[in-house]
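Remarks on the structure that follows.
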Amino acid sequence: MSGRGQILSWLYVTPLMLVLVPFFVAPILVVLAASFFQSDGFGGLIADPTLQNYADIFSSTLTANLYIETIKFTALTWLFSMIIGFWVAYFLVFHVRNPLLAIGLFLLCTVPFWTSNIIRMISWIPLLGKEGLINTALLRVGVIHEPLEFLLFSGFSVVVAYVHQLTIFMIVPIFNAMARIDKRIVEAALDAGASRLDIMRMIILPLSKNGIALGSIFVVSIVMGDFFVIKVMSGGGSASVVGALYEDVGVLQYPSAAASAVVLTIVVTLLVALILRTVDIRKELTR
Amino acid sequence: MNAAVRGAVAAPPVSKAVVAHAIAPRAQGRPWTFYVLSTVFVLYVLALYGPMICIYVLSFQDVRGGLVFPMKGLSLHWFVDLFTQVRTGDVKGSFERSIKLAAIVTVATVIMSFLAGWAFRRRFTGDGVVFYLMIGSLVAPGLVLSIGVGLVLHFIGVEGAWYTSAIGAQLSWTLPFGVLVMFAVMSRFDRTWEEAAYDLGATRWQTIRLVVIPILAPGLVAVALFGFTLSYDEFARTLQTAGSLNTLPLEIWTMTLNITSPSLYALGTVTTVISFVIIAICLGAIASIQKRRAVRVPAI
């Protein structure tokens, strides 16, 4: 491309960069720097380089448990949102024959994405609570004689809230990938004697792989970076990496919070990189 | 050319017939999987909307109301409570701030995403860096960025506020979405329309104003929808950057930790109604633009 074209292109992305540099690059670098500083205990930083913050993290069984807990929730959420998201997208693309109806149903699934996550999360309380709808109904039918305690403020309700919020991040990219599959391929496979399972295994799954990968990136990075859902929905029973980090900030322990943030960011980046190995995200997004 | 056009017009019914029979070409009616998956879909939608509807219903209880069913009375008590009581915090003020903030972020998101999407139509030196910075900003844990911005402000000795630092922090979240939507929109933009405008003597600005923007209008509305709703509900990135005055999600967060009355549900109802109004306006605008076009095309 000509030099003039280059300059114009850069001119067009300048506003974007003017946001990304001070509000993404700079904060990450500052957090990285702060993670090597010492705290004066009053919210100030002493610029005396140390590795103590990292040593604390890696020698702490508490931190290790936090990571295990967070990764456990991430894996469960990822699994359930992927299964539900895949089948919902598959239903919309391959079973709904009227394209207008398919788009309408797709919108029906996406509308909650544009409403408050926090409100959607607390809306599980009247359902899952000890005196909530599910317990009341089960008691009345006589299936149980004591209210089920595990429904709310437990690992269960945390996963429910995550899946409720994040399945949409699976549906949209998988739907897009599936919508691009040429239906004639499926037709040809049927004519060649393929079974339903063969079609799923050899056509649908490979061709929607990119969508699944893209959705996985969203789900994994959001759950790993969350502290809000886990705090409210576990009723304080479970902690998360970011939750602990937030408490550090609350007591003005910036250096240890920063070190923890750096480790978390590296873990998330590694997970995302792992997923990216299976898909060319740029090709998928700009196509 | 003429034959090609006719071919293109004739094509859809054929491919539609293929689609209709692709799944069950030999069987009459639907395969059994259709019924299983319909059930899955209906259950998903029920689980998606059911809980939300519960809290809207519960927010209309009277003063005896609690956090769970059964409904106790029917009144607007908790809505009045929400906006008049001091103990629930500054709900009204945070509402106004959140709406203003979302409006600013929306305008900035639309303009910046449009420009960036325009640049990304062709490759340029360093485009990969810009792209991956954007993806990084999208997947980075919100609270980490929030703390980082807080530290930057601390170092340069500036006080954060919802109308300064929070705008930037939120844009780092809304812009990646906006640009990704622009990618999808731009991929369907035919360069020949732009070239035709130049050939007819339009200047660059005229081309953008009279050709490009009208064609991309539905996509730009979609970007605005993302910009507004993502900003309006943003929590983690705003937490350490909004300064001393709360935005609405921050107010809700404080309430979830302190308030155990239906006024929390009332707030949920109010904020969701606002979201739904915005969504309806945007989707309605997109639909009406598409409809106008559908009418115009045969005339050409």
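Residue numbering restarts at 1 in every chain; chains get A, B, ... in the order shown in the structure tokens, and ligands count up from 1 in that same order.
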Residue neighbourhood stretch 153-162 of chain B, 8 Å, only C-alpha atoms, exclusion window fewer than 4 positions, as a list in words: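 Here the answer would be Arg97, Leu101, Val149, Ala166, Ile167, Thr238, Thr241, Ala242, Gly243, Ser244, Leu245, Asn246 and Thr247 of chain B.
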Can I get the selected residues back with N, CA and C atoms, as an mmCIF file, in the first residue's frame?
data_model
loop_
_atom_site.group_PDB
_atom_site.id
_atom_site.type_symbol
_atom_site.label_atom_id
_atom_site.label_comp_id
_atom_site.auth_asym_id
_atom_site.auth_seq_id
_atom_site.Cartn_x
_atom_site.Cartn_y
_atom_site.Cartn_z
ATOM 1 N N ARG B 97 -26.078 10.011 36.340
ATOM 2 C CA ARG B 97 -24.687 9.880 35.919
ATOM 3 C C ARG B 97 -24.522 8.747 34.922
ATOM 4 N N LEU B 101 -23.167 9.200 31.208
ATOM 5 C CA LEU B 101 -21.931 8.503 30.881
ATOM 6 C C LEU B 101 -22.154 7.590 29.678
ATOM 7 N N VAL B 149 -5.620 1.557 36.158
ATOM 8 C CA VAL B 149 -5.966 2.955 35.877
ATOM 9 C C VAL B 149 -5.932 3.767 37.167
ATOM 10 N N ALA B 166 -13.472 7.361 33.992
ATOM 11 C CA ALA B 166 -14.411 6.270 33.782
ATOM 12 C C ALA B 166 -14.804 6.151 32.315
ATOM 13 N N ILE B 167 -14.840 7.280 31.600
ATOM 14 C CA ILE B 167 -15.164 7.223 30.170
ATOM 15 C C ILE B 167 -14.111 6.392 29.434
ATOM 16 N N THR B 238 -15.269 0.252 36.018
ATOM 17 C CA THR B 238 -15.658 1.551 36.549
ATOM 18 C C THR B 238 -15.332 1.658 38.029
ATOM 19 N N THR B 241 -12.303 3.629 38.915
ATOM 20 C CA THR B 241 -12.007 4.775 38.057
ATOM 21 C C THR B 241 -13.070 5.864 38.117
ATOM 22 N N ALA B 242 -14.198 5.606 38.795
ATOM 23 C CA ALA B 242 -15.307 6.568 38.740
ATOM 24 C C ALA B 242 -15.171 7.681 39.776
ATOM 25 N N GLY B 243 -14.148 7.629 40.613
ATOM 26 C CA GLY B 243 -13.994 8.671 41.615
ATOM 27 C C GLY B 243 -14.977 8.493 42.750
ATOM 28 N N SER B 244 -15.403 9.608 43.334
ATOM 29 C CA SER B 244 -16.183 9.519 44.570
ATOM 30 C C SER B 244 -17.673 9.314 44.332
ATOM 31 N N LEU B 245 -18.154 9.642 43.128
ATOM 32 C CA LEU B 245 -19.593 9.510 42.869
ATOM 33 C C LEU B 245 -19.891 8.213 42.119
ATOM 34 N N ASN B 246 -20.899 7.471 42.619
ATOM 35 C CA ASN B 246 -21.207 6.165 42.042
ATOM 36 C C ASN B 246 -21.971 6.251 40.727
ATOM 37 N N THR B 247 -21.710 5.276 39.830
ATOM 38 C CA THR B 247 -22.621 5.053 38.716
ATOM 39 C C THR B 247 -23.642 4.017 39.183
#
Considering only C-alpha atoms, give me a table of residues in chain B that are at most 7 Å from chain A, with the closest atom pair and distance in Å for each, as JSON lines.
{"residue": "B:Val18", "atom": "CA", "partner": "A:Arg184", "partner_atom": "CA", "distance": 6.9}
{"residue": "B:Val19", "atom": "CA", "partner": "A:Lys183", "partner_atom": "CA", "distance": 6.0}
{"residue": "B:Ala20", "atom": "CA", "partner": "A:Arg97", "partner_atom": "CA", "distance": 6.3}
{"residue": "B:Ala22", "atom": "CA", "partner": "A:Glu187", "partner_atom": "CA", "distance": 5.0}
{"residue": "B:Phe34", "atom": "CA", "partner": "A:His95", "partner_atom": "CA", "distance": 6.4}
{"residue": "B:Leu37", "atom": "CA", "partner": "A:Phe91", "partner_atom": "CA", "distance": 6.1}
{"residue": "B:Phe41", "atom": "CA", "partner": "A:Val88", "partner_atom": "CA", "distance": 5.8}
{"residue": "B:Val45", "atom": "CA", "partner": "A:Cys109", "partner_atom": "CA", "distance": 6.8}
{"residue": "B:Leu48", "atom": "CA", "partner": "A:His164", "partner_atom": "CA", "distance": 6.5}
{"residue": "B:Pro51", "atom": "CA", "partner": "A:Ser123", "partner_atom": "CA", "distance": 5.1}
{"residue": "B:Met52", "atom": "CA", "partner": "A:Ser123", "partner_atom": "CA", "distance": 5.3}
{"residue": "B:Cys54", "atom": "CA", "partner": "A:Ser123", "partner_atom": "CA", "distance": 7.0}
{"residue": "B:Ile55", "atom": "CA", "partner": "A:Ser123", "partner_atom": "CA", "distance": 5.7}
{"residue": "B:Leu67", "atom": "CA", "partner": "A:Pro126", "partner_atom": "CA", "distance": 6.2}
{"residue": "B:Val68", "atom": "CA", "partner": "A:Pro126", "partner_atom": "CA", "distance": 4.5}
{"residue": "B:Phe69", "atom": "CA", "partner": "A:Gly132", "partner_atom": "CA", "distance": 6.6}
{"residue": "B:Met112", "atom": "CA", "partner": "A:Pro15", "partner_atom": "CA", "distance": 5.9}
{"residue": "B:Leu115", "atom": "CA", "partner": "A:Tyr12", "partner_atom": "CA", "distance": 4.9}
{"residue": "B:Ala116", "atom": "CA", "partner": "A:Val13", "partner_atom": "CA", "distance": 4.7}
{"residue": "B:Ala119", "atom": "CA", "partner": "A:Ser9", "partner_atom": "CA", "distance": 4.7}
{"residue": "B:Phe124", "atom": "CA", "partner": "A:Gln6", "partner_atom": "CA", "distance": 5.9}
{"residue": "B:Ser137", "atom": "CA", "partner": "A:Phe24", "partner_atom": "CA", "distance": 5.9}
{"residue": "B:Val139", "atom": "CA", "partner": "A:Ser221", "partner_atom": "CA", "distance": 5.5}
{"residue": "B:Ala140", "atom": "CA", "partner": "A:Thr265", "partner_atom": "CA", "distance": 6.9}
{"residue": "B:Pro141", "atom": "CA", "partner": "A:Gly225", "partner_atom": "CA", "distance": 4.3}
{"residue": "B:Gly142", "atom": "CA", "partner": "A:Gly225", "partner_atom": "CA", "distance": 6.7}
{"residue": "B:Val144", "atom": "CA", "partner": "A:Ala261", "partner_atom": "CA", "distance": 5.9}
{"residue": "B:Leu145", "atom": "CA", "partner": "A:Pro27", "partner_atom": "CA", "distance": 5.8}
{"residue": "B:Gly148", "atom": "CA", "partner": "A:Pro27", "partner_atom": "CA", "distance": 3.9}
{"residue": "B:Val149", "atom": "CA", "partner": "A:Pro27", "partner_atom": "CA", "distance": 5.0}
{"residue": "B:Leu151", "atom": "CA", "partner": "A:Val30", "partner_atom": "CA", "distance": 7.0}
{"residue": "B:Val152", "atom": "CA", "partner": "A:Pro27", "partner_atom": "CA", "distance": 6.4}
{"residue": "B:Gly168", "atom": "CA", "partner": "A:Val19", "partner_atom": "CA", "distance": 6.1}
{"residue": "B:Ala169", "atom": "CA", "partner": "A:Phe23", "partner_atom": "CA", "distance": 5.7}
{"residue": "B:Leu171", "atom": "CA", "partner": "A:Val19", "partner_atom": "CA", "distance": 6.8}
{"residue": "B:Ser172", "atom": "CA", "partner": "A:Leu20", "partner_atom": "CA", "distance": 6.1}
{"residue": "B:Leu180", "atom": "CA", "partner": "A:Leu285", "partner_atom": "CA", "distance": 6.9}
{"residue": "B:Phe183", "atom": "CA", "partner": "A:Thr286", "partner_atom": "CA", "distance": 5.3}
{"residue": "B:Ala184", "atom": "CA", "partner": "A:Thr286", "partner_atom": "CA", "distance": 6.7}
{"residue": "B:Ser187", "atom": "CA", "partner": "A:Arg287", "partner_atom": "CA", "distance": 6.4}
{"residue": "B:Thr229", "atom": "CA", "partner": "A:Trp114", "partner_atom": "CA", "distance": 5.4}
{"residue": "B:Leu230", "atom": "CA", "partner": "A:Trp114", "partner_atom": "CA", "distance": 6.9}
{"residue": "B:Asp233", "atom": "CA", "partner": "A:Ser116", "partner_atom": "CA", "distance": 5.2}
{"residue": "B:Gly268", "atom": "CA", "partner": "A:Ile119", "partner_atom": "CA", "distance": 5.5}
{"residue": "B:Thr272", "atom": "CA", "partner": "A:Thr115", "partner_atom": "CA", "distance": 6.0}
{"residue": "B:Ser275", "atom": "CA", "partner": "A:Thr115", "partner_atom": "CA", "distance": 5.6}
Output file for the selection above: N, CA and C atoms, as a CSV table (one decimal), in the first residue's frame:
chain,number,residue,atom,x,y,z
B,18,VAL,N,-33.5,-26.8,-0.8
B,18,VAL,CA,-32.4,-27.7,-0.4
B,18,VAL,C,-32.3,-27.7,1.2
B,19,VAL,N,-32.4,-26.4,1.7
B,19,VAL,CA,-32.3,-26.3,3.1
B,19,VAL,C,-33.4,-27.1,3.8
B,20,ALA,N,-34.6,-26.9,3.3
B,20,ALA,CA,-35.8,-27.5,3.9
B,20,ALA,C,-35.6,-29.0,4.0
B,22,ALA,N,-32.6,-30.7,3.8
B,22,ALA,CA,-31.3,-31.1,4.1
B,22,ALA,C,-31.2,-32.0,5.3
B,34,PHE,N,-35.5,-33.0,16.3
B,34,PHE,CA,-36.2,-31.7,16.3
B,34,PHE,C,-36.9,-31.5,17.6
B,37,LEU,N,-34.5,-31.1,20.6
B,37,LEU,CA,-33.8,-29.8,20.6
B,37,LEU,C,-34.8,-28.6,20.9
B,41,PHE,N,-34.4,-25.9,23.7
B,41,PHE,CA,-34.4,-24.4,23.4
B,41,PHE,C,-35.5,-23.7,24.3
B,45,VAL,N,-34.7,-20.8,27.1
B,45,VAL,CA,-35.4,-19.5,27.1
B,45,VAL,C,-36.1,-19.2,28.4
B,48,LEU,N,-33.7,-18.4,30.9
B,48,LEU,CA,-33.1,-17.1,30.6
B,48,LEU,C,-34.0,-16.0,31.2
B,51,PRO,N,-36.2,-16.2,35.8
B,51,PRO,CA,-35.8,-15.5,37.0
B,51,PRO,C,-36.0,-14.0,37.0
B,52,MET,N,-35.7,-13.4,35.8
B,52,MET,CA,-35.8,-12.0,35.7
B,52,MET,C,-37.3,-11.6,35.9
B,54,CYS,N,-39.5,-13.1,37.6
B,54,CYS,CA,-39.8,-13.3,39.1
B,54,CYS,C,-39.5,-12.0,39.8
B,55,ILE,N,-38.3,-11.4,39.6
B,55,ILE,CA,-38.0,-10.2,40.4
B,55,ILE,C,-38.8,-9.0,40.0
B,67,LEU,N,-38.1,-11.0,50.1
B,67,LEU,CA,-37.3,-11.3,48.9
B,67,LEU,C,-37.8,-12.5,48.1
B,68,VAL,N,-38.8,-13.3,48.7
B,68,VAL,CA,-39.2,-14.5,48.0
B,68,VAL,C,-40.7,-14.5,47.8
B,69,PHE,N,-41.2,-15.4,47.0
B,69,PHE,CA,-42.6,-15.6,46.8
B,69,PHE,C,-43.1,-16.2,48.2
B,112,MET,N,-15.5,6.2,16.9
B,112,MET,CA,-14.1,5.5,16.9
B,112,MET,C,-14.2,4.1,16.2
B,115,LEU,N,-14.4,4.6,12.4
B,115,LEU,CA,-13.1,4.9,11.8
B,115,LEU,C,-12.1,3.7,11.8
B,116,ALA,N,-12.1,3.0,13.0
B,116,ALA,CA,-11.2,1.8,13.1
B,116,ALA,C,-11.6,0.7,12.1
B,119,ALA,N,-10.4,1.7,8.7
B,119,ALA,CA,-9.0,1.4,8.5
B,119,ALA,C,-8.7,0.0,8.3
B,124,PHE,N,-2.5,-2.8,6.9
B,124,PHE,CA,-1.5,-1.7,7.0
B,124,PHE,C,-0.5,-2.1,8.0
B,137,SER,N,-7.5,-6.0,25.3
B,137,SER,CA,-8.4,-5.1,26.2
B,137,SER,C,-9.7,-5.8,26.4
B,139,VAL,N,-10.3,-9.1,26.7
B,139,VAL,CA,-10.3,-10.3,27.5
B,139,VAL,C,-9.6,-10.1,28.9
B,140,ALA,N,-8.9,-8.9,29.0
B,140,ALA,CA,-8.2,-8.6,30.3
B,140,ALA,C,-9.2,-8.5,31.4
B,141,PRO,N,-8.9,-9.1,32.6
B,141,PRO,CA,-9.8,-9.0,33.7
B,141,PRO,C,-10.1,-7.5,34.0
B,142,GLY,N,-11.4,-7.2,34.1
B,142,GLY,CA,-11.8,-5.8,34.2
B,142,GLY,C,-11.2,-5.1,35.5
B,144,VAL,N,-8.5,-5.8,37.1
B,144,VAL,CA,-7.0,-5.6,36.9
B,144,VAL,C,-6.8,-4.2,36.2
B,145,LEU,N,-7.5,-4.0,35.1
B,145,LEU,CA,-7.4,-2.8,34.4
B,145,LEU,C,-7.9,-1.6,35.3
B,148,GLY,N,-5.2,-0.8,37.7
B,148,GLY,CA,-4.1,-0.2,36.9
B,148,GLY,C,-4.4,1.3,36.6
B,149,VAL,N,-5.6,1.6,36.2
B,149,VAL,CA,-6.0,3.0,35.9
B,149,VAL,C,-5.9,3.8,37.2
B,151,LEU,N,-4.0,3.2,39.7
B,151,LEU,CA,-2.6,3.5,40.1
B,151,LEU,C,-2.0,4.6,39.2
B,152,VAL,N,-2.4,4.5,37.9
B,152,VAL,CA,-1.9,5.6,36.9
B,152,VAL,C,-2.3,6.9,37.4
B,168,GLY,N,-12.8,6.7,29.7
B,168,GLY,CA,-11.8,5.9,29.0
B,168,GLY,C,-11.8,4.5,29.4
B,169,ALA,N,-12.0,4.2,30.7
B,169,ALA,CA,-12.0,2.8,31.2
B,169,ALA,C,-13.1,2.0,30.5
B,171,LEU,N,-14.6,2.8,27.6
B,171,LEU,CA,-14.3,2.7,26.2
B,171,LEU,C,-13.4,1.5,25.9
B,172,SER,N,-12.5,1.2,26.8
B,172,SER,CA,-11.6,0.1,26.6
B,172,SER,C,-12.4,-1.2,26.6
B,180,LEU,N,-15.5,-5.0,16.5
B,180,LEU,CA,-15.8,-6.4,16.0
B,180,LEU,C,-17.2,-6.3,15.3
B,183,PHE,N,-16.5,-4.9,11.9
B,183,PHE,CA,-15.8,-5.9,11.0
B,183,PHE,C,-16.9,-6.7,10.3
B,184,ALA,N,-17.9,-7.1,11.1
B,184,ALA,CA,-19.0,-7.9,10.4
B,184,ALA,C,-19.8,-7.1,9.4
B,187,SER,N,-17.6,-6.3,6.2
B,187,SER,CA,-17.3,-7.4,5.3
B,187,SER,C,-18.5,-7.5,4.3
B,229,THR,N,-25.5,0.0,26.1
B,229,THR,CA,-25.8,-1.0,27.1
B,229,THR,C,-24.6,-1.5,27.8
B,230,LEU,N,-23.5,-1.7,27.1
B,230,LEU,CA,-22.3,-2.2,27.8
B,230,LEU,C,-21.8,-1.1,28.8
B,233,ASP,N,-24.2,-0.8,32.0
B,233,ASP,CA,-24.1,-1.9,32.9
B,233,ASP,C,-22.7,-2.2,33.4
B,268,GLY,N,-33.9,-3.2,40.0
B,268,GLY,CA,-33.7,-4.1,38.9
B,268,GLY,C,-34.7,-3.9,37.8
B,272,THR,N,-33.8,-2.5,34.1
B,272,THR,CA,-34.1,-3.3,33.0
B,272,THR,C,-35.1,-2.7,32.0
B,275,SER,N,-33.1,-0.5,29.9
B,275,SER,CA,-32.3,-1.3,28.9
B,275,SER,C,-33.3,-1.8,27.8
10 Å contact set for stretch 281-298 of chain B, only C-alpha atoms, chain neighbours under 5 positions out, as a list in words: Leu107 of chain A; Pro214, Ile215, Ala217, Pro218, Gly219, Leu220, Val221, Ala222, Val223, Ala224, Leu225, Phe226, Ser275 and Phe276 of chain B
Using C-alpha atoms, can you export the residues from the last selection as a PDB file, in the first residue's frame?
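Output contents, as saved in result29.pdb:
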ATOM      1  CA  LEU A 107     -32.655 -12.086  19.133  1.00  0.00           C
TER       2      LEU A 107
ATOM      3  CA  PRO B 214     -26.427   5.547   4.889  1.00  0.00           C
ATOM      4  CA  ILE B 215     -25.466   2.049   3.711  1.00  0.00           C
ATOM      5  CA  ALA B 217     -26.543   2.814   9.122  1.00  0.00           C
ATOM      6  CA  PRO B 218     -28.046  -0.408  10.562  1.00  0.00           C
ATOM      7  CA  GLY B 219     -24.582  -1.582  11.596  1.00  0.00           C
ATOM      8  CA  LEU B 220     -23.837   1.766  13.223  1.00  0.00           C
ATOM      9  CA  VAL B 221     -27.086   1.528  15.191  1.00  0.00           C
ATOM     10  CA  ALA B 222     -25.966  -1.924  16.359  1.00  0.00           C
ATOM     11  CA  VAL B 223     -22.635  -0.451  17.482  1.00  0.00           C
ATOM     12  CA  ALA B 224     -24.543   2.243  19.378  1.00  0.00           C
ATOM     13  CA  LEU B 225     -26.647  -0.435  21.062  1.00  0.00           C
ATOM     14  CA  PHE B 226     -23.511  -2.221  22.257  1.00  0.00           C
ATOM     15  CA  SER B 275     -32.328  -1.325  28.879  1.00  0.00           C
ATOM     16  CA  PHE B 276     -35.374  -2.728  27.104  1.00  0.00           C
TER      17      PHE B 276
END
Coordinates-based distance that separates atom CA of A:Val93 from atom CA of A:Phe106 (Å, one decimal):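 Distance reported for this atom pair: 9.5 Å.
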Picked from stretch 176-276 of chain A by DSSP as alpha helix (DSSP H), as number ranges by chain: A: 176-179, 183-191, 196-199, 205-224, 228-233, 241-250, 254-276
Which residues are near B:Asp81? Cut-off 12 Å, only C-alpha atoms, ignore same chain within fewer than 6 positions. Put them as a PDB file with C-alpha atoms, in the first residue's frame.
ATOM      1  CA  SER B  59     -40.828  -5.639  43.037  1.00  0.00           C
ATOM      2  CA  PHE B  60     -44.529  -4.688  42.968  1.00  0.00           C
ATOM      3  CA  GLN B  61     -45.224  -5.965  46.506  1.00  0.00           C
ATOM      4  CA  ASP B  62     -46.437  -3.661  49.266  1.00  0.00           C
ATOM      5  CA  VAL B  63     -44.634  -2.723  52.480  1.00  0.00           C
ATOM      6  CA  SER B  75     -48.224  -1.579  45.263  1.00  0.00           C
ATOM      7  CA  ARG B  87     -30.607   4.544  53.301  1.00  0.00           C
ATOM      8  CA  THR B  88     -30.758   3.080  49.776  1.00  0.00           C
ATOM      9  CA  GLY B  89     -28.142   5.623  48.726  1.00  0.00           C
ATOM     10  CA  ASP B  90     -28.114   8.146  45.933  1.00  0.00           C
ATOM     11  CA  VAL B  91     -30.065   6.120  43.377  1.00  0.00           C
ATOM     12  CA  LYS B  92     -31.414   9.128  41.496  1.00  0.00           C
ATOM     13  CA  SER B 261     -35.695  -5.532  50.774  1.00  0.00           C
ATOM     14  CA  PRO B 262     -37.612  -5.569  47.490  1.00  0.00           C
ATOM     15  CA  SER B 263     -36.271  -2.088  46.723  1.00  0.00           C
ATOM     16  CA  LEU B 264     -33.315  -3.951  45.218  1.00  0.00           C
ATOM     17  CA  TYR B 265     -35.770  -5.730  42.911  1.00  0.00           C
ATOM     18  CA  ALA B 266     -37.494  -2.422  42.155  1.00  0.00           C
ATOM     19  CA  LEU B 267     -34.147  -1.013  41.059  1.00  0.00           C
TER      20      LEU B 267
END
Near-A:Gly237 list (8 Å; only C-alpha atoms; drop same-chain fewer than 2 positions) as JSON, numbers by chain: {"A": [153, 154, 231, 234, 235, 239]}
